[in-house]
$ cat protein.csv   # CSV, N, CA and C atoms
chain,number,residue,atom,x,y,z
A,1,MET,N,145.7,286.2,67.1
A,1,MET,CA,144.8,285.5,67.9
A,1,MET,C,144.4,286.4,69.1
A,2,GLU,N,143.2,286.2,69.6
A,2,GLU,CA,142.7,287.0,70.7
A,2,GLU,C,142.4,286.1,71.9
A,3,ASP,N,143.0,286.5,73.1
A,3,ASP,CA,142.7,285.7,74.3
A,3,ASP,C,141.5,286.3,75.0
A,4,GLN,N,140.7,285.4,75.5
A,4,GLN,CA,139.6,285.8,76.3
A,4,GLN,C,139.6,284.9,77.6
A,5,THR,N,139.3,285.6,78.7
A,5,THR,CA,139.3,284.8,79.9
A,5,THR,C,137.8,284.4,80.2
A,6,LEU,N,137.6,283.2,80.5
A,6,LEU,CA,136.3,282.6,80.8
A,6,LEU,C,136.3,282.2,82.2
A,7,ILE,N,135.2,282.3,82.9
A,7,ILE,CA,135.1,281.8,84.3
A,7,ILE,C,134.2,280.7,84.3
A,8,GLN,N,134.7,279.5,84.7
A,8,GLN,CA,134.0,278.3,84.6
A,8,GLN,C,134.1,277.6,86.0
A,9,LYS,N,133.0,277.4,86.7
A,9,LYS,CA,132.9,276.8,88.0
A,9,LYS,C,133.9,277.4,89.0
A,10,GLY,N,134.0,278.7,89.0
A,10,GLY,CA,134.9,279.4,89.9
A,10,GLY,C,136.3,279.5,89.5
A,11,LYS,N,136.7,278.9,88.4
A,11,LYS,CA,138.1,278.9,87.9
A,11,LYS,C,138.2,279.8,86.7
A,12,LYS,N,139.3,280.5,86.6
A,12,LYS,CA,139.5,281.3,85.4
A,12,LYS,C,140.2,280.4,84.4
A,13,LYS,N,139.8,280.5,83.1
A,13,LYS,CA,140.4,279.7,82.1
A,13,LYS,C,140.6,280.6,80.8
A,14,LYS,N,141.8,280.6,80.3
A,14,LYS,CA,142.0,281.4,79.1
A,14,LYS,C,141.8,280.5,77.9
A,15,GLU,N,141.1,281.1,76.9
A,15,GLU,CA,140.8,280.4,75.6
A,15,GLU,C,141.3,281.3,74.5
A,16,THR,N,141.8,280.6,73.5
A,16,THR,CA,142.2,281.4,72.3
A,16,THR,C,141.2,281.2,71.2
A,17,PHE,N,140.8,282.3,70.6
A,17,PHE,CA,139.9,282.3,69.5
A,17,PHE,C,140.6,282.9,68.3
A,18,LEU,N,140.5,282.3,67.1
A,18,LEU,CA,141.2,282.8,65.9
A,18,LEU,C,140.4,284.0,65.4
A,19,LYS,N,141.1,285.1,65.1
A,19,LYS,CA,140.4,286.2,64.5
A,19,LYS,C,140.0,285.9,63.1
A,20,GLU,N,140.8,285.2,62.3
A,20,GLU,CA,140.5,284.8,61.0
A,20,GLU,C,140.4,283.3,60.8
A,21,LYS,N,139.4,283.0,60.0
A,21,LYS,CA,139.1,281.5,59.9
A,21,LYS,C,139.4,281.1,58.5
A,22,ALA,N,139.3,279.8,58.3
A,22,ALA,CA,139.4,279.2,57.0
A,22,ALA,C,138.4,278.1,56.8
A,23,VAL,N,138.2,277.7,55.6
A,23,VAL,CA,137.2,276.6,55.3
A,23,VAL,C,137.9,275.6,54.4
A,24,LEU,N,137.5,274.3,54.7
A,24,LEU,CA,137.8,273.2,53.8
A,24,LEU,C,136.5,272.8,53.2
A,25,LEU,N,136.6,272.7,51.9
A,25,LEU,CA,135.4,272.3,51.1
A,25,LEU,C,135.6,271.0,50.4
A,26,ILE,N,134.7,270.0,50.6
A,26,ILE,CA,134.9,268.7,49.9
A,26,ILE,C,134.4,268.8,48.5
A,27,LEU,N,135.3,268.3,47.6
A,27,LEU,CA,135.0,268.4,46.1
A,27,LEU,C,134.8,267.0,45.5
A,28,SER,N,134.9,266.0,46.3
A,28,SER,CA,134.8,264.6,45.8
A,28,SER,C,133.3,264.2,46.0
A,29,SER,N,132.9,263.2,45.2
A,29,SER,CA,131.5,262.8,45.1
A,29,SER,C,130.9,262.3,46.4
A,30,GLY,N,131.6,261.6,47.2
A,30,GLY,CA,131.0,261.0,48.4
A,30,GLY,C,130.3,262.0,49.3
A,31,GLU,N,130.9,263.2,49.6
A,31,GLU,CA,130.4,264.2,50.4
A,31,GLU,C,130.5,265.6,49.8
A,32,LEU,N,130.3,265.6,48.5
A,32,LEU,CA,130.5,266.8,47.7
A,32,LEU,C,129.7,268.0,48.3
A,33,GLY,N,130.5,269.1,48.4
A,33,GLY,CA,129.8,270.3,48.9
A,33,GLY,C,129.9,270.5,50.4
A,34,LYS,N,130.2,269.5,51.2
A,34,LYS,CA,130.3,269.6,52.6
A,34,LYS,C,131.5,270.5,53.0
A,35,SER,N,131.3,271.4,53.9
A,35,SER,CA,132.4,272.3,54.3
A,35,SER,C,132.6,272.3,55.8
A,36,PHE,N,133.8,272.6,56.2
A,36,PHE,CA,134.2,272.6,57.6
A,36,PHE,C,135.0,274.0,57.8
A,37,VAL,N,134.5,274.7,58.8
A,37,VAL,CA,135.2,275.9,59.2
A,37,VAL,C,136.4,275.5,60.2
A,38,LEU,N,137.5,276.1,59.8
A,38,LEU,CA,138.7,275.8,60.7
A,38,LEU,C,138.8,277.0,61.6
A,39,ASP,N,138.3,276.8,62.8
A,39,ASP,CA,138.2,277.9,63.8
A,39,ASP,C,138.9,277.5,65.1
A,40,ARG,N,139.9,276.6,65.0
A,40,ARG,CA,140.7,276.2,66.2
A,40,ARG,C,142.2,276.3,65.9
A,41,ASP,N,143.0,276.2,66.9
A,41,ASP,CA,144.5,276.2,66.7
A,41,ASP,C,145.0,274.9,66.1
A,42,GLU,N,144.2,273.8,66.3
A,42,GLU,CA,144.6,272.6,65.8
A,42,GLU,C,143.4,271.8,65.3
A,43,ILE,N,143.4,271.3,64.1
A,43,ILE,CA,142.3,270.5,63.5
A,43,ILE,C,142.8,269.2,63.1
A,44,THR,N,142.3,268.1,63.6
A,44,THR,CA,142.7,266.8,63.2
A,44,THR,C,141.6,266.3,62.2
A,45,ILE,N,142.1,265.6,61.2
A,45,ILE,CA,141.3,265.1,60.1
A,45,ILE,C,141.5,263.6,59.9
A,46,GLY,N,140.4,262.8,59.9
A,46,GLY,CA,140.5,261.4,59.7
A,46,GLY,C,139.2,260.7,59.9
A,47,ARG,N,139.2,259.4,60.0
A,47,ARG,CA,137.9,258.6,60.1
A,47,ARG,C,137.5,258.4,61.6
A,48,ASP,N,138.5,258.6,62.5
A,48,ASP,CA,138.2,258.4,63.9
A,48,ASP,C,137.3,259.4,64.4
A,49,SER,N,136.3,259.0,65.3
A,49,SER,CA,135.3,260.0,65.8
A,49,SER,C,135.9,261.0,66.7
A,50,SER,N,137.2,260.9,67.2
A,50,SER,CA,137.8,261.9,68.0
A,50,SER,C,138.4,263.0,67.2
A,51,CYS,N,138.4,262.9,65.8
A,51,CYS,CA,138.9,263.9,65.0
A,51,CYS,C,138.0,265.1,64.9
A,52,THR,N,138.6,266.3,64.7
A,52,THR,CA,137.8,267.5,64.6
A,52,THR,C,136.9,267.4,63.3
A,53,ILE,N,137.5,266.9,62.2
A,53,ILE,CA,136.8,266.6,61.0
A,53,ILE,C,136.8,265.1,60.7
A,54,CYS,N,135.7,264.5,60.8
A,54,CYS,CA,135.5,263.1,60.6
A,54,CYS,C,135.0,262.8,59.2
A,55,LEU,N,135.9,262.1,58.4
A,55,LEU,CA,135.5,261.7,57.0
A,55,LEU,C,135.1,260.3,57.0
A,56,GLN,N,134.2,260.0,56.0
A,56,GLN,CA,133.7,258.6,55.8
A,56,GLN,C,134.4,257.8,54.8
A,57,ASP,N,135.5,258.3,54.3
A,57,ASP,CA,136.3,257.6,53.3
A,57,ASP,C,137.1,256.4,53.9
A,58,PRO,N,136.9,255.2,53.4
A,58,PRO,CA,137.6,254.0,54.0
A,58,PRO,C,139.1,254.1,53.7
A,59,GLU,N,139.6,254.9,52.8
A,59,GLU,CA,141.0,255.0,52.5
A,59,GLU,C,141.7,256.1,53.3
A,60,VAL,N,140.9,256.7,54.2
A,60,VAL,CA,141.5,257.7,55.1
A,60,VAL,C,141.8,257.0,56.4
A,61,SER,N,143.0,257.3,57.0
A,61,SER,CA,143.4,256.7,58.3
A,61,SER,C,142.6,257.3,59.4
A,62,GLY,N,142.6,256.6,60.6
A,62,GLY,CA,141.9,257.0,61.8
A,62,GLY,C,142.2,258.5,62.1
A,63,ILE,N,143.5,258.8,62.3
A,63,ILE,CA,143.9,260.2,62.4
A,63,ILE,C,144.9,260.4,61.2
A,64,HIS,N,144.4,260.9,60.1
A,64,HIS,CA,145.1,261.0,58.9
A,64,HIS,C,146.1,262.1,58.8
A,65,CYS,N,145.7,263.3,59.1
A,65,CYS,CA,146.5,264.5,59.1
A,65,CYS,C,146.0,265.6,60.1
A,66,LYS,N,146.8,266.6,60.2
A,66,LYS,CA,146.3,267.7,61.0
A,66,LYS,C,146.7,269.1,60.4
A,67,ILE,N,145.9,270.1,60.8
A,67,ILE,CA,146.2,271.5,60.4
A,67,ILE,C,146.4,272.3,61.7
A,68,THR,N,147.5,272.9,61.8
A,68,THR,CA,147.8,273.8,63.0
A,68,THR,C,147.8,275.2,62.5
A,69,VAL,N,147.5,276.1,63.4
A,69,VAL,CA,147.5,277.5,63.1
A,69,VAL,C,148.4,278.2,64.1
A,70,PRO,N,149.7,278.3,63.7
A,70,PRO,CA,150.7,278.9,64.6
A,70,PRO,C,150.7,280.4,64.7
A,71,GLY,N,150.1,281.1,63.7
A,71,GLY,CA,150.0,282.5,63.7
A,71,GLY,C,148.9,283.0,62.8
A,72,GLU,N,148.6,284.3,62.8
A,72,GLU,CA,147.6,284.9,62.0
A,72,GLU,C,147.7,284.6,60.5
A,73,ARG,N,146.7,284.0,59.9
A,73,ARG,CA,146.7,283.7,58.5
A,73,ARG,C,147.8,282.7,58.1
A,74,THR,N,148.2,281.9,59.0
A,74,THR,CA,149.2,280.8,58.7
A,74,THR,C,148.6,279.5,59.1
A,75,PHE,N,148.5,278.6,58.1
A,75,PHE,CA,147.9,277.3,58.3
A,75,PHE,C,148.9,276.2,57.9
A,76,ILE,N,149.2,275.3,58.8
A,76,ILE,CA,150.3,274.3,58.5
A,76,ILE,C,149.6,272.9,58.4
A,77,LEU,N,149.8,272.2,57.3
A,77,LEU,CA,149.3,270.8,57.1
A,77,LEU,C,150.4,269.8,57.3
A,78,GLU,N,150.0,268.8,58.1
A,78,GLU,CA,151.0,267.7,58.4
A,78,GLU,C,150.3,266.4,58.3
A,79,ASP,N,151.0,265.5,57.6
A,79,ASP,CA,150.5,264.1,57.6
A,79,ASP,C,150.9,263.4,58.9
A,80,MET,N,150.0,262.6,59.4
A,80,MET,CA,150.2,261.9,60.7
A,80,MET,C,150.5,260.4,60.5
A,81,GLU,N,151.5,260.2,59.6
A,81,GLU,CA,151.9,258.8,59.2
A,81,GLU,C,150.7,258.0,58.8
A,82,SER,N,149.9,258.6,57.9
A,82,SER,CA,148.7,257.9,57.4
A,82,SER,C,149.2,256.8,56.4
A,83,THR,N,148.3,255.8,56.3
A,83,THR,CA,148.6,254.6,55.4
A,83,THR,C,148.7,255.0,54.0
A,84,ASN,N,147.8,255.8,53.5
A,84,ASN,CA,147.7,256.2,52.0
A,84,ASN,C,148.3,257.6,51.7
A,85,GLY,N,148.8,258.3,52.7
A,85,GLY,CA,149.4,259.6,52.5
A,85,GLY,C,148.5,260.7,52.3
A,86,THR,N,149.0,261.9,52.5
A,86,THR,CA,148.3,263.2,52.3
A,86,THR,C,149.0,263.9,51.2
A,87,PHE,N,148.2,264.5,50.2
A,87,PHE,CA,148.8,265.1,49.1
A,87,PHE,C,148.3,266.6,49.0
A,88,LEU,N,149.3,267.4,48.8
A,88,LEU,CA,149.0,268.9,48.6
A,88,LEU,C,149.3,269.3,47.2
A,89,ASN,N,148.3,269.7,46.4
A,89,ASN,CA,148.6,270.1,45.0
A,89,ASN,C,149.3,269.0,44.3
A,90,LYS,N,148.9,267.7,44.4
A,90,LYS,CA,149.4,266.5,43.8
A,90,LYS,C,150.8,266.1,44.3
A,91,LYS,N,151.4,266.7,45.3
A,91,LYS,CA,152.7,266.3,45.9
A,91,LYS,C,152.4,265.7,47.3
A,92,PRO,N,153.1,264.6,47.6
A,92,PRO,CA,153.0,264.0,48.9
A,92,PRO,C,153.5,264.9,50.0
A,93,VAL,N,152.8,265.0,51.1
A,93,VAL,CA,153.2,265.8,52.2
A,93,VAL,C,154.2,264.9,53.1
A,94,LYS,N,155.5,265.2,53.1
A,94,LYS,CA,156.5,264.5,53.8
A,94,LYS,C,156.8,265.1,55.1
A,95,LYS,N,156.6,266.5,55.2
A,95,LYS,CA,156.9,267.2,56.4
A,95,LYS,C,155.9,268.3,56.5
A,96,PRO,N,155.7,269.0,57.7
A,96,PRO,CA,154.8,270.1,57.8
A,96,PRO,C,155.0,271.1,56.7
A,97,VAL,N,153.9,271.6,56.1
A,97,VAL,CA,154.0,272.5,55.0
A,97,VAL,C,152.8,273.5,55.1
A,98,GLN,N,153.1,274.8,54.8
A,98,GLN,CA,152.1,275.8,54.8
A,98,GLN,C,151.1,275.7,53.7
A,99,ILE,N,149.9,275.9,54.0
A,99,ILE,CA,148.9,275.8,52.9
A,99,ILE,C,148.3,277.2,52.6
A,100,PHE,N,147.9,277.4,51.4
A,100,PHE,CA,147.5,278.7,50.9
A,100,PHE,C,146.1,278.7,50.3
A,101,TYR,N,145.5,279.8,50.1
A,101,TYR,CA,144.2,280.0,49.4
A,101,TYR,C,144.1,279.1,48.2
A,102,SER,N,143.1,278.3,48.1
A,102,SER,CA,142.7,277.5,46.9
A,102,SER,C,143.6,276.2,46.8
A,103,ASP,N,144.4,275.9,47.8
A,103,ASP,CA,145.2,274.7,47.7
A,103,ASP,C,144.3,273.5,47.7
A,104,ARG,N,144.8,272.4,47.0
A,104,ARG,CA,144.0,271.2,46.8
A,104,ARG,C,144.7,270.1,47.7
A,105,ILE,N,143.9,269.5,48.6
A,105,ILE,CA,144.4,268.5,49.6
A,105,ILE,C,143.6,267.2,49.3
A,106,VAL,N,144.4,266.1,49.1
A,106,VAL,CA,143.8,264.8,48.8
A,106,VAL,C,144.2,263.8,49.9
A,107,LEU,N,143.1,263.2,50.5
A,107,LEU,CA,143.3,262.2,51.6
A,107,LEU,C,142.5,261.0,51.1
A,108,GLY,N,143.1,259.9,50.8
A,108,GLY,CA,142.4,258.7,50.2
A,108,GLY,C,141.7,259.1,49.0
A,109,LYS,N,140.4,259.0,48.9
A,109,LYS,CA,139.6,259.4,47.7
A,109,LYS,C,138.9,260.7,47.9
A,110,THR,N,139.2,261.4,49.0
A,110,THR,CA,138.6,262.6,49.4
A,110,THR,C,139.4,263.8,48.9
A,111,VAL,N,138.8,264.7,48.1
A,111,VAL,CA,139.5,265.9,47.6
A,111,VAL,C,138.9,267.1,48.4
A,112,LEU,N,139.8,267.9,48.9
A,112,LEU,CA,139.4,269.1,49.7
A,112,LEU,C,140.0,270.3,49.1
A,113,ARG,N,139.4,271.4,49.2
A,113,ARG,CA,139.9,272.7,48.7
A,113,ARG,C,140.0,273.6,49.9
A,114,PHE,N,141.1,274.4,50.1
A,114,PHE,CA,141.3,275.2,51.3
A,114,PHE,C,141.0,276.7,50.9
A,115,PHE,N,140.2,277.3,51.7
A,115,PHE,CA,139.8,278.7,51.4
A,115,PHE,C,140.0,279.5,52.7
A,116,LEU,N,140.5,280.8,52.6
A,116,LEU,CA,140.6,281.7,53.7
A,116,LEU,C,139.4,282.6,53.8
A,117,GLU,N,139.0,283.0,55.0
A,117,GLU,CA,138.0,283.9,55.2
A,117,GLU,C,138.3,285.2,54.4
A,118,GLU,N,137.3,285.8,53.8
A,118,GLU,CA,137.5,287.0,53.1
A,118,GLU,C,136.6,288.1,53.6
A,119,SER,N,137.1,289.3,53.6
A,119,SER,CA,136.3,290.4,54.1
A,119,SER,C,136.1,291.4,52.9
A,120,LEU,N,135.1,292.2,52.9
A,120,LEU,CA,134.8,293.1,51.8
A,120,LEU,C,136.0,294.1,51.6
A,121,SER,N,136.6,294.5,52.6
A,121,SER,CA,137.7,295.5,52.5
A,121,SER,C,138.9,294.8,51.7
A,122,ASP,N,139.1,293.5,51.8
A,122,ASP,CA,140.2,292.8,51.1
A,122,ASP,C,139.9,292.7,49.6
A,123,SER,N,138.7,292.7,49.2
A,123,SER,CA,138.4,292.5,47.8
A,123,SER,C,138.1,293.7,47.0
A,124,ILE,N,138.1,294.9,47.7
A,124,ILE,CA,137.9,296.1,46.9
A,124,ILE,C,139.1,296.7,46.4
$ encode --input "protein.csv" --output "structure tokens"
Amino acid sequence: MEDQTLIQKGKKKKETFLKEKAVLLILSSGELGKSFVLDRDEITIGRDSSCTICLQDPEVSGIHCKITVPGERTFILEDMESTNGTFLNKKPVKKPVQIFYSDRIVLGKTVLRFFLEESLSDSI
């Protein structure tokens, strides 16, 4: 991660920007094809308007789960005691777990796929 100092109203403020990003892609019919760039250290997912990613699925809790980014290319998925649970590759998420490229995440009736940013040098 890269620190940048911003000056706002005479005060210095340090902000962290991720060098590498990831994307969640919705694969279920309700919002098929909608994608979300994961470009923060913590992303909350749920129906509540305060969430970073707000889903319209009535089976998703207000704050259903979160993804944290503790280090470079490391993404951790955690269920936030949701009513219907969070599932990673068909298994319930009972404790924080690392997610990897192409993992399938299910919240309520919403199916998401996790992708990491790719660069041309990685694929050659």
$ atom_distance --input "protein.csv" --atom1 "atom CA of Gly71 of chain A" --atom2 "atom CA of Gly85 of chain A"
25.5 Å
$ residues_around --input "protein.csv" --residues "Ile45 of chain A" --least-positions-apart "3" --cutoff "8 Å" --atoms "only N, CA and C atoms" --output "ChimeraX atom specification"
/A:42,48,50-55,60-67
$ closest_residue --input "protein.csv" --among "A:Phe75, A:Phe115, A:Lys90, A:Thr110" --to "Ser29 of chain A" --atoms "all atoms listed in the file"
A:Thr110
$ closest_residue --input "protein.csv" --among "A:Thr44, A:Leu25, A:Glu59, A:Leu77" --to "Pro96 of chain A" --atoms "only C-alpha atoms"
A:Leu77
$ closest_residue --input "protein.csv" --among "A:Glu72, A:Asp39, A:Asp57, A:Asp79" --to "Gly108 of chain A" --atoms "only N, CA and C atoms"
A:Asp57
$ closest_residue --input "protein.csv" --among "A:Val69, A:Ala22, A:Leu27, A:Leu116" --to "Asp41 of chain A" --atoms "all atoms listed in the file"
A:Val69
$ atom_distance --input "protein.csv" --atom1 "atom CA of Ile105 of chain A" --atom2 "atom CA of Leu88 of chain A"
4.7 Å
$ closest_residue --input "protein.csv" --among "A:Val23, A:Leu112, A:Arg104, A:Ser49" --to "Val37 of chain A" --atoms "all atoms listed in the file"
A:Val23
$ select_by_dssp --input "protein.csv" --residues "segment 5-116 of chain A" --states "strand (DSSP E or B)" --output "JSON, numbers by chain"
{"A": [5, 6, 7, 8, 11, 12, 13, 14, 15, 16, 17, 22, 23, 24, 25, 26, 35, 36, 37, 38, 42, 43, 44, 45, 46, 53, 54, 65, 66, 67, 68, 69, 70, 71, 74, 75, 76, 77, 78, 79, 86, 87, 88, 91, 92, 97, 98, 99, 104, 105, 106, 107, 110, 111, 112, 113, 114, 115, 116]}
